[in-house]
file work-v9.txt (compact mmCIF, C-alpha atoms)
# COMPACT_ATOMS: atom_id res chain seq x y z
CA MET X 1 -51.11 -0.94 -10.61
CA LYS X 2 -54.19 -0.11 -8.58
CA LYS X 3 -54.04 -3.49 -6.83
CA LEU X 4 -50.42 -2.98 -5.93
CA THR X 5 -51.07 0.52 -4.58
CA LEU X 6 -54.10 -0.62 -2.61
CA SER X 7 -52.28 -3.62 -1.15
CA LEU X 8 -49.30 -1.46 -0.12
CA LEU X 9 -51.67 1.08 1.43
CA TRP X 10 -53.49 -1.71 3.29
CA MET X 11 -50.21 -3.17 4.58
CA PHE X 12 -49.04 0.24 5.79
CA CYS X 13 -52.34 1.02 7.55
CA SER X 14 -52.63 -2.40 9.18
CA THR X 15 -49.02 -2.20 10.36
CA MET X 16 -49.73 1.14 11.99
CA LEU X 17 -52.95 -0.12 13.58
CA PHE X 18 -51.70 -3.45 14.88
CA SER X 19 -48.07 -2.78 15.72
CA GLN X 20 -46.87 -2.40 19.26
CA VAL X 21 -43.60 -0.97 20.52
CA TYR X 22 -42.21 -2.06 23.86
CA ARG X 23 -39.31 -1.10 26.07
CA LEU X 24 -37.86 -3.68 28.45
CA GLU X 25 -37.71 -2.12 31.90
CA PRO X 26 -35.39 -3.91 34.31
CA VAL X 27 -36.98 -5.36 37.43
CA PHE X 28 -33.92 -7.39 38.39
CA ALA X 29 -30.52 -7.62 36.72
CA ASP X 30 -27.55 -9.81 37.50
CA ARG X 31 -24.95 -8.62 35.05
CA ALA X 32 -22.34 -11.11 36.23
CA ARG X 33 -24.60 -13.99 35.17
CA THR X 34 -26.28 -11.99 32.40
CA THR X 35 -29.74 -12.86 33.72
CA TYR X 36 -32.60 -10.36 33.82
CA LEU X 37 -36.21 -10.05 34.91
CA SER X 38 -37.83 -7.40 32.72
CA TYR X 39 -41.19 -5.71 32.33
CA TRP X 40 -42.44 -5.15 28.79
CA LYS X 41 -43.60 -1.52 28.96
CA LEU X 42 -45.90 -0.63 26.09
CA LEU X 43 -44.76 2.58 24.37
CA GLU X 44 -46.94 2.63 21.24
CA GLY X 45 -49.90 0.67 19.94
CA SER X 46 -53.01 -0.96 21.38
CA ALA X 47 -54.74 2.38 21.85
CA GLY X 48 -57.91 1.90 23.86
CA LYS X 49 -57.15 -1.71 24.73
CA GLU X 50 -56.28 -3.08 28.13
CA LYS X 51 -52.62 -2.52 28.89
CA PRO X 52 -50.73 -5.83 28.86
CA ASN X 53 -48.49 -6.61 31.83
CA THR X 54 -45.89 -8.95 30.42
CA PHE X 55 -42.74 -9.97 32.30
CA SER X 56 -39.78 -12.05 31.11
CA LEU X 57 -37.06 -13.95 32.91
CA TRP X 58 -34.29 -14.07 30.31
CA GLY X 59 -30.57 -13.83 29.78
CA TYR X 60 -27.61 -14.51 27.56
CA GLN X 61 -25.73 -17.78 27.21
CA SER X 62 -22.54 -18.54 25.37
CA ASP X 63 -21.98 -21.54 23.11
CA LYS X 64 -18.29 -20.82 22.75
CA ASP X 65 -15.53 -18.98 24.56
CA ASN X 66 -16.01 -15.94 22.33
CA TRP X 67 -18.93 -13.76 23.49
CA ALA X 68 -18.92 -11.82 20.22
CA THR X 69 -19.75 -14.81 18.03
CA GLY X 70 -21.13 -17.49 20.34
CA THR X 71 -23.70 -15.62 22.46
CA TYR X 72 -27.43 -16.08 22.14
CA GLU X 73 -30.47 -14.83 24.02
CA VAL X 74 -32.42 -17.28 26.17
CA GLU X 75 -35.95 -16.89 27.51
CA TYR X 76 -36.55 -18.93 30.65
CA PHE X 77 -40.11 -17.75 31.25
CA LYS X 78 -42.51 -15.14 29.89
CA GLY X 79 -45.94 -14.40 31.31
CA ASN X 80 -48.22 -11.87 32.89
CA ALA X 81 -47.69 -10.47 36.38
CA ALA X 82 -49.74 -13.16 38.12
CA GLU X 83 -47.93 -15.99 36.31
CA MET X 84 -44.50 -14.49 37.05
CA TYR X 85 -45.43 -14.02 40.71
CA ARG X 86 -46.57 -17.65 40.98
CA LEU X 87 -43.35 -18.82 39.32
CA LEU X 88 -41.09 -16.81 41.61
CA LYS X 89 -43.12 -17.66 44.72
CA ASP X 90 -43.16 -21.38 43.88
CA ILE X 91 -39.41 -21.36 43.15
CA ASN X 92 -38.86 -19.89 46.60
CA VAL X 93 -41.11 -22.49 48.23
CA PHE X 94 -39.35 -25.28 46.32
CA SER X 95 -35.92 -23.89 47.28
CA GLU X 96 -36.88 -23.75 50.95
CA LYS X 97 -38.30 -27.27 50.95
CA TYR X 98 -35.66 -29.09 48.87
CA GLY X 99 -32.67 -26.72 48.95
CA ASP X 100 -30.61 -29.04 51.15
CA GLU X 101 -31.01 -31.96 48.73
CA ASP X 102 -29.12 -32.33 45.47
CA LYS X 103 -30.73 -32.85 42.06
CA VAL X 104 -34.40 -32.68 43.07
CA LEU X 105 -36.38 -31.90 39.92
CA THR X 106 -39.87 -30.44 39.44
CA GLU X 107 -41.89 -28.40 36.97
CA ILE X 108 -43.33 -25.01 37.95
CA GLU X 109 -45.55 -23.04 35.55
CA GLY X 110 -44.31 -25.26 32.71
CA VAL X 111 -40.65 -24.59 33.53
CA ARG X 112 -38.19 -27.23 34.72
CA VAL X 113 -36.66 -26.36 38.12
CA GLN X 114 -33.93 -28.31 39.91
CA THR X 115 -31.84 -28.06 43.06
CA PHE X 116 -28.08 -28.26 42.69
CA ILE X 117 -25.28 -28.36 45.26
CA ARG X 118 -21.71 -27.57 44.22
CA MET X 119 -18.78 -27.06 46.59
CA GLY X 120 -21.16 -26.42 49.49
CA PHE X 121 -23.19 -23.77 47.64
CA LYS X 122 -26.89 -24.59 47.25
CA TYR X 123 -28.47 -23.38 44.03
CA THR X 124 -31.86 -23.62 42.37
CA LEU X 125 -31.69 -23.92 38.59
CA VAL X 126 -34.37 -22.75 36.16
CA PHE X 127 -34.13 -24.25 32.68
CA ASP X 128 -35.15 -22.66 29.39
CA LYS X 129 -37.89 -24.23 27.27
CA GLU X 130 -35.40 -26.35 25.32
CA ASN X 131 -33.61 -27.52 28.50
CA ARG X 132 -30.28 -26.33 27.07
CA SER X 133 -29.55 -23.39 29.36
CA VAL X 134 -30.10 -22.56 33.01
CA CYS X 135 -30.18 -19.55 35.25
CA MET X 136 -28.77 -20.43 38.64
CA PHE X 137 -29.29 -18.59 41.92
CA THR X 138 -29.11 -19.36 45.62
CA ARG X 139 -32.18 -19.32 47.90
CA LYS X 140 -31.26 -15.87 49.14
CA GLN X 141 -30.96 -14.55 45.59
CA TRP X 142 -34.35 -16.01 44.58
CA LYS X 143 -35.91 -14.29 47.62
CA HIS X 144 -34.30 -11.03 46.52
CA ILE X 145 -35.66 -11.44 42.97
CA LEU X 146 -39.18 -12.03 44.35
CA ALA X 147 -38.88 -8.96 46.60
CA GLN X 148 -37.69 -6.84 43.64
CA PHE X 149 -40.64 -8.07 41.57
CA GLU X 150 -43.16 -7.28 44.33
CA SER X 151 -41.62 -3.84 44.86
CA PHE X 152 -41.69 -3.06 41.12
CA CYS X 153 -45.33 -4.12 40.83
CA LYS X 154 -46.39 -2.06 43.86
CA THR X 155 -44.49 1.00 42.63
CA ASN X 156 -46.04 0.75 39.16
CA GLN X 157 -49.48 -0.32 40.44
CA ILE X 158 -49.46 -3.66 38.63
CA GLY X 159 -51.72 -6.29 40.19
CA TYR X 160 -49.91 -9.61 40.53
CA GLU X 161 -51.77 -11.63 43.18
CA ARG X 162 -55.07 -12.08 41.37
CA ARG X 163 -56.26 -14.73 38.93

call {"tool": "encode", "arguments": {"input": "work-v9.txt", "output": "structure tokens"}}
result
Amino acid sequence: MKKLTLSLLWMFCSTMLFSQVYRLEPVFADRARTTYLSYWKLLEGSAGKEKPNTFSLWGYQSDKDNWATGTYEVEYFKGNAAEMYRLLKDINVFSEKYGDEDKVLTEIEGVRVQTFIRMGFKYTLVFDKENRSVCMFTRKQWKHILAQFESFCKTNQIGYERR
């Protein structure tokens, strides 16, 4: 009985010490395409440690026609502020350089990126880690996402150009 009590007490204490609670703050949101760039704001935990600055490019995809049963969450990229800045900046550079060509493929920060032209619209696709889903934006939209990211980081005093 003592072992059980001690182990439960240990589990409770370690959970309280090592748990972290985050809130996803929107940096960019495209609700029509259900794609988001979010900042993981630490609410609880890691007292006394350096505050992490994690960002995610994520969204929802649908396997079926029914959003209630066939929708799943997709993470395209997750990293710190410097990694996210490099990703967004390099996507913009890639879009500028190859945006007029169809189906040019590269890898940026470990993520597959491809140009795509459909009915005269020029898109840059970013694939998820499993290469099953994409988020698709035009050059102008990618520039807007980068500008939103830079503005968010400056407003919240998050360094993104170092490292």

call {"tool": "atom_distance", "arguments": {"input": "work-v9.txt", "atom1": "CA of Lys140 in chain X", "atom2": "CA of Thr124 in chain X"}}
result
10.3 Å

call {"tool": "atom_distance", "arguments": {"input": "work-v9.txt", "atom1": "CA of Thr71 in chain X", "atom2": "CA of Leu24 in chain X"}}
result
19.5 Å

call {"tool": "residues_around", "arguments": {"input": "work-v9.txt", "residues": "Asp102 in chain X", "least_positions_apart": "4", "cutoff": "8 Å", "atoms": "all atoms listed in the file", "output": "list in words"}}
result
Thr115, Phe116 and Ile117 of chain X

call {"tool": "closest_residue", "arguments": {"input": "work-v9.txt", "among": "X:Gln141, X:Thr106, X:Ser56, X:Ser95", "to": "Asp30 in chain X", "atoms": "all atoms listed in the file"}}
result
X:Gln141

call {"tool": "residues_around", "arguments": {"input": "work-v9.txt", "residues": "Glu109 in chain X", "least_positions_apart": "6", "cutoff": "12 Å", "atoms": "all atoms listed in the file", "output": "PyMOL selection string"}}
result
chain X and resi 76-80+82-91+126-127+129

call {"tool": "closest_residue", "arguments": {"input": "work-v9.txt", "among": "X:Leu105, X:Ala81, X:Ile158, X:Met136", "to": "Tyr36 in chain X", "atoms": "only C-alpha atoms"}}
result
X:Met136

call {"tool": "atom_distance", "arguments": {"input": "work-v9.txt", "atom1": "CA of Met119 in chain X", "atom2": "CA of Leu37 in chain X"}}
result
27.0 Å

call {"tool": "closest_residue", "arguments": {"input": "work-v9.txt", "among": "X:Val93, X:Leu57, X:Leu125, X:Val21", "to": "Lys41 in chain X", "atoms": "only C-alpha atoms"}}
result
X:Val21
